[in-house]
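The structure file my_file.txt is reproduced below (compact mmCIF, C-alpha atoms).
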```txt
# COMPACT_ATOMS: atom_id res chain seq x y z
CA MET A 1 -13.23 4.83 -11.10
CA ILE A 2 -9.51 4.49 -10.38
CA ARG A 3 -7.19 7.35 -11.22
CA ASN A 4 -3.78 8.73 -10.35
CA ALA A 5 -3.57 11.08 -7.37
CA ARG A 6 -3.32 14.84 -7.90
CA LEU A 7 -1.99 17.63 -5.72
CA ASP A 8 -5.45 18.57 -4.50
CA ASP A 9 -5.95 14.97 -3.22
CA VAL A 10 -3.22 15.05 -0.58
CA GLU A 11 -5.45 16.09 2.32
CA ILE A 12 -8.07 13.39 1.65
CA ILE A 13 -5.32 10.76 1.29
CA ARG A 14 -3.93 11.86 4.65
CA GLU A 15 -7.38 11.67 6.24
CA LEU A 16 -8.00 8.17 4.87
CA ILE A 17 -4.65 6.84 6.05
CA ASN A 18 -4.47 8.62 9.38
CA GLU A 19 -7.96 7.47 10.38
CA TYR A 20 -6.56 3.93 10.36
CA ALA A 21 -3.28 5.07 11.90
CA GLU A 22 -5.22 6.35 14.92
CA GLN A 23 -6.46 2.77 15.35
CA GLU A 24 -2.85 1.50 15.01
CA ILE A 25 -3.73 -0.32 11.80
CA MET A 26 -1.48 1.80 9.54
CA LEU A 27 1.43 4.18 9.90
CA PHE A 28 0.70 7.91 10.04
CA ARG A 29 1.74 9.78 6.90
CA SER A 30 2.72 13.43 7.08
CA LEU A 31 1.78 15.97 4.45
CA ALA A 32 5.45 16.22 3.46
CA ASP A 33 5.65 12.45 2.98
CA LEU A 34 2.45 12.41 0.94
CA TYR A 35 3.58 15.23 -1.34
CA ASP A 36 6.88 13.41 -1.80
CA SER A 37 5.18 10.13 -2.73
CA LEU A 38 2.05 11.50 -4.43
CA ARG A 39 2.90 9.95 -7.81
CA ASP A 40 2.89 6.50 -6.14
CA PHE A 41 -0.83 6.74 -5.32
CA LYS A 42 -3.89 5.44 -7.10
CA LEU A 43 -7.29 6.66 -5.88
CA TYR A 44 -10.77 5.20 -6.10
CA GLU A 45 -13.45 7.76 -6.77
CA SER A 46 -17.15 7.15 -6.30
CA GLU A 47 -19.71 9.81 -7.19
CA GLY A 48 -16.96 12.45 -7.27
CA GLN A 49 -15.64 11.54 -3.83
CA VAL A 50 -12.30 9.83 -3.09
CA VAL A 51 -13.14 6.75 -1.02
CA GLY A 52 -9.92 4.74 -1.27
CA CYS A 53 -6.20 4.94 -1.89
CA CYS A 54 -3.24 2.66 -2.47
CA ALA A 55 0.41 3.29 -3.31
CA LEU A 56 3.10 1.36 -5.12
CA ASN A 57 6.54 2.38 -3.86
CA ILE A 58 9.52 1.13 -5.84
CA VAL A 59 12.19 -0.07 -3.44
CA TRP A 60 14.80 -1.38 -5.85
CA GLU A 61 15.19 -2.71 -9.40
CA ASP A 62 13.42 -5.95 -8.53
CA LEU A 63 11.04 -5.03 -5.71
CA ALA A 64 8.22 -2.63 -4.85
CA GLU A 65 5.95 -2.25 -1.85
CA VAL A 66 2.17 -2.00 -1.80
CA LYS A 67 1.53 0.70 0.80
CA SER A 68 -1.25 2.71 2.37
CA LEU A 69 -4.19 0.70 1.08
CA ALA A 70 -7.17 2.36 2.76
CA VAL A 71 -10.90 2.41 2.05
CA ALA A 72 -13.18 4.90 3.75
CA PRO A 73 -15.50 3.51 6.42
CA GLY A 74 -18.91 2.93 4.90
CA HIS A 75 -17.36 1.94 1.58
CA GLN A 76 -15.71 -1.29 2.67
CA GLY A 77 -16.87 -4.64 1.38
CA LYS A 78 -17.66 -3.23 -2.09
CA GLY A 79 -14.52 -4.42 -3.89
CA ILE A 80 -12.78 -1.04 -3.70
CA GLY A 81 -9.69 -2.37 -1.91
CA ARG A 82 -9.46 -5.29 -4.31
CA ALA A 83 -9.73 -2.93 -7.31
CA LEU A 84 -7.04 -0.61 -5.94
CA LEU A 85 -4.73 -3.54 -5.22
CA GLN A 86 -5.24 -4.86 -8.74
CA ALA A 87 -4.45 -1.42 -10.17
CA VAL A 88 -1.06 -1.27 -8.43
CA VAL A 89 -0.31 -4.91 -9.28
CA ASP A 90 -1.04 -4.11 -12.93
CA GLU A 91 1.25 -1.08 -12.72
CA ALA A 92 4.02 -3.23 -11.23
CA ARG A 93 3.64 -5.66 -14.12
CA GLU A 94 3.84 -2.80 -16.63
CA LEU A 95 7.07 -1.70 -14.95
CA HIS A 96 8.39 -5.29 -15.29
CA LEU A 97 8.89 -5.64 -11.56
CA PRO A 98 9.44 -9.30 -10.70
CA LYS A 99 8.09 -9.08 -7.16
CA ILE A 100 6.03 -6.86 -4.87
CA PHE A 101 5.49 -7.10 -1.15
CA THR A 102 3.36 -5.71 1.61
CA LEU A 103 3.54 -5.47 5.38
CA THR A 104 0.02 -5.92 6.63
CA LEU A 105 -2.38 -6.80 9.42
CA GLU A 106 -4.87 -8.04 6.79
CA ALA A 107 -3.15 -11.22 5.56
CA PRO A 108 -6.36 -12.96 4.38
CA PHE A 109 -7.18 -10.04 2.06
CA PHE A 110 -3.76 -10.19 0.39
CA ALA A 111 -3.75 -14.00 0.33
CA LYS A 112 -6.94 -13.91 -1.78
CA ALA A 113 -4.99 -11.80 -4.28
CA GLY A 114 -2.20 -14.38 -4.49
CA PHE A 115 0.26 -12.94 -1.98
CA GLU A 116 2.18 -15.49 0.08
CA LEU A 117 3.50 -15.26 3.62
CA VAL A 118 7.25 -14.79 3.94
CA GLU A 119 9.61 -14.28 6.83
CA MET A 120 10.26 -10.61 7.53
CA ASP A 121 13.98 -11.36 7.45
CA SER A 122 13.72 -12.41 3.79
CA LEU A 123 13.02 -8.82 2.72
CA PRO A 124 15.95 -6.45 2.05
CA HIS A 125 17.15 -4.23 4.88
CA LYS A 126 16.07 -1.10 2.94
CA VAL A 127 12.45 -2.16 3.55
CA TRP A 128 12.77 -1.43 7.25
CA SER A 129 13.67 2.26 6.88
CA GLU A 130 10.17 3.36 7.97
CA CYS A 131 10.17 1.13 11.04
CA VAL A 132 12.01 3.77 13.05
CA HIS A 133 8.88 5.94 12.81
CA CYS A 134 6.50 3.19 13.91
CA PRO A 135 5.22 3.18 17.49
CA LYS A 136 5.15 -0.63 17.32
CA GLN A 137 8.74 -1.07 16.15
CA ASP A 138 9.71 -3.13 19.22
CA LYS A 139 6.56 -5.27 19.07
CA CYS A 140 5.77 -5.40 15.37
CA ASP A 141 2.66 -7.41 14.54
CA GLU A 142 2.69 -6.88 10.78
CA ILE A 143 2.85 -9.83 8.42
CA ALA A 144 5.20 -9.83 5.43
CA MET A 145 3.74 -11.11 2.18
CA THR A 146 5.03 -11.19 -1.39
CA LEU A 147 3.58 -11.67 -4.84
CA THR A 148 5.83 -12.90 -7.63
CA LEU A 149 4.80 -11.25 -10.89
CA HIS A 150 7.34 -12.80 -13.26
CA ASN A 151 10.88 -14.09 -13.27
CA ARG A 152 13.61 -11.78 -14.51
CA LYS A 153 15.47 -12.93 -17.57
```
Let's see the structure in the file written out as structure tokens.
Amino acid sequence: MIRNARLDDVEIIRELINEYAEQEIMLFRSLADLYDSLRDFKLYESEGQVVGCCALNIVWEDLAEVKSLAVAPGHQGKGIGRALLQAVVDEARELHLPKIFTLTLEAPFFAKAGFELVEMDSLPHKVWSECVHCPKQDKCDEIAMTLTLHNRK
């Protein structure tokens, strides 16, 4: 089941994300940051337990970022990540966003969902505001990918 995040979910979201951050796969997220962006998150619940999360962060009138897609170890390979990604893509469509992007180390996963590789430089400067907090900022290995949802009229 996919649902919107609630206040009492913040700690489990942090645990999911920071477990991957410790492996340098994702950026750490503080409690303050998670409370601030809580309404961006969708959660996947299985048997009453949160086992995955994903956020859609609106960057500007024509662009949003898919962020913090994490599935708990032991629950991977079951379609949870794909379902969460689809939920935020659907939300972006409902908002009439023409394009979404992600910065990822898992390009094949996003490519299967229709995302295409783009040059990092093609994304607006505002996208890079979190890079100052990244321990890999001088040797970034993330891949920029976009998904066009529809053309603006």
Hey, what's within 9 Å of region 66-76 of chain A if we count only C-alpha atoms and toss same-chain stuff fewer than 3 positions away? As number ranges by chain, please? A: 13, 16-17, 19-20, 26-27, 29, 41, 44, 50-58, 79-81, 84-85, 88-89, 100-104
To one decimal place, how far is CA of Arg3 (chain A) from CA of Glu142 (chain A) in Å?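 CA of Arg3 (chain A) sits 28.0 Å away from CA of Glu142 (chain A).
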Would you mind reading off the distance between CA of Glu22 (chain A) and CA of Val59 (chain A), one decimal, in Å?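 We find that CA of Glu22 (chain A) and CA of Val59 (chain A) lie 26.1 Å from each other.
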Closest of A:Arg93, A:Arg6, A:Lys78, A:His150 to Lys42 (chain A) - atom-to-atom distances counting all atoms listed in the file: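 For Lys42 (chain A), the nearest of the candidates is A:Arg6.
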Work out how far apart CA of Glu106 (chain A) and CA of Ser46 (chain A) are and give it in Å to one decimal.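 Distance between the two atoms: 23.5 Å.
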Residue nearest Ile143 (chain A) among A:Asp90, A:Glu116, A:Glu61, A:Glu11 (counting all atoms listed in the file): A:Glu116
Need the shell around Leu117 (chain A): protein/DNA/RNA residues with any atom at most 9 Å away, counting all atoms listed in the file. Skip same-chain ones fewer than 4 positions apart. Format as a VMD selection string? chain A and resid 107 111 143 to 146
Any idea what's packed within 12 Å of Leu31 (chain A), counting all atoms listed in the file, ignoring anything in its chain fewer than 4 positions away? Could you give it as a count of residues only? 15
My list of candidates is A:Ala92, A:Leu147, A:Ile2, A:Leu123. Which is closest to Phe110 (chain A) when distances are computed with only C-alpha atoms?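 Smallest separation from Phe110 (chain A) among the options: A:Leu147.
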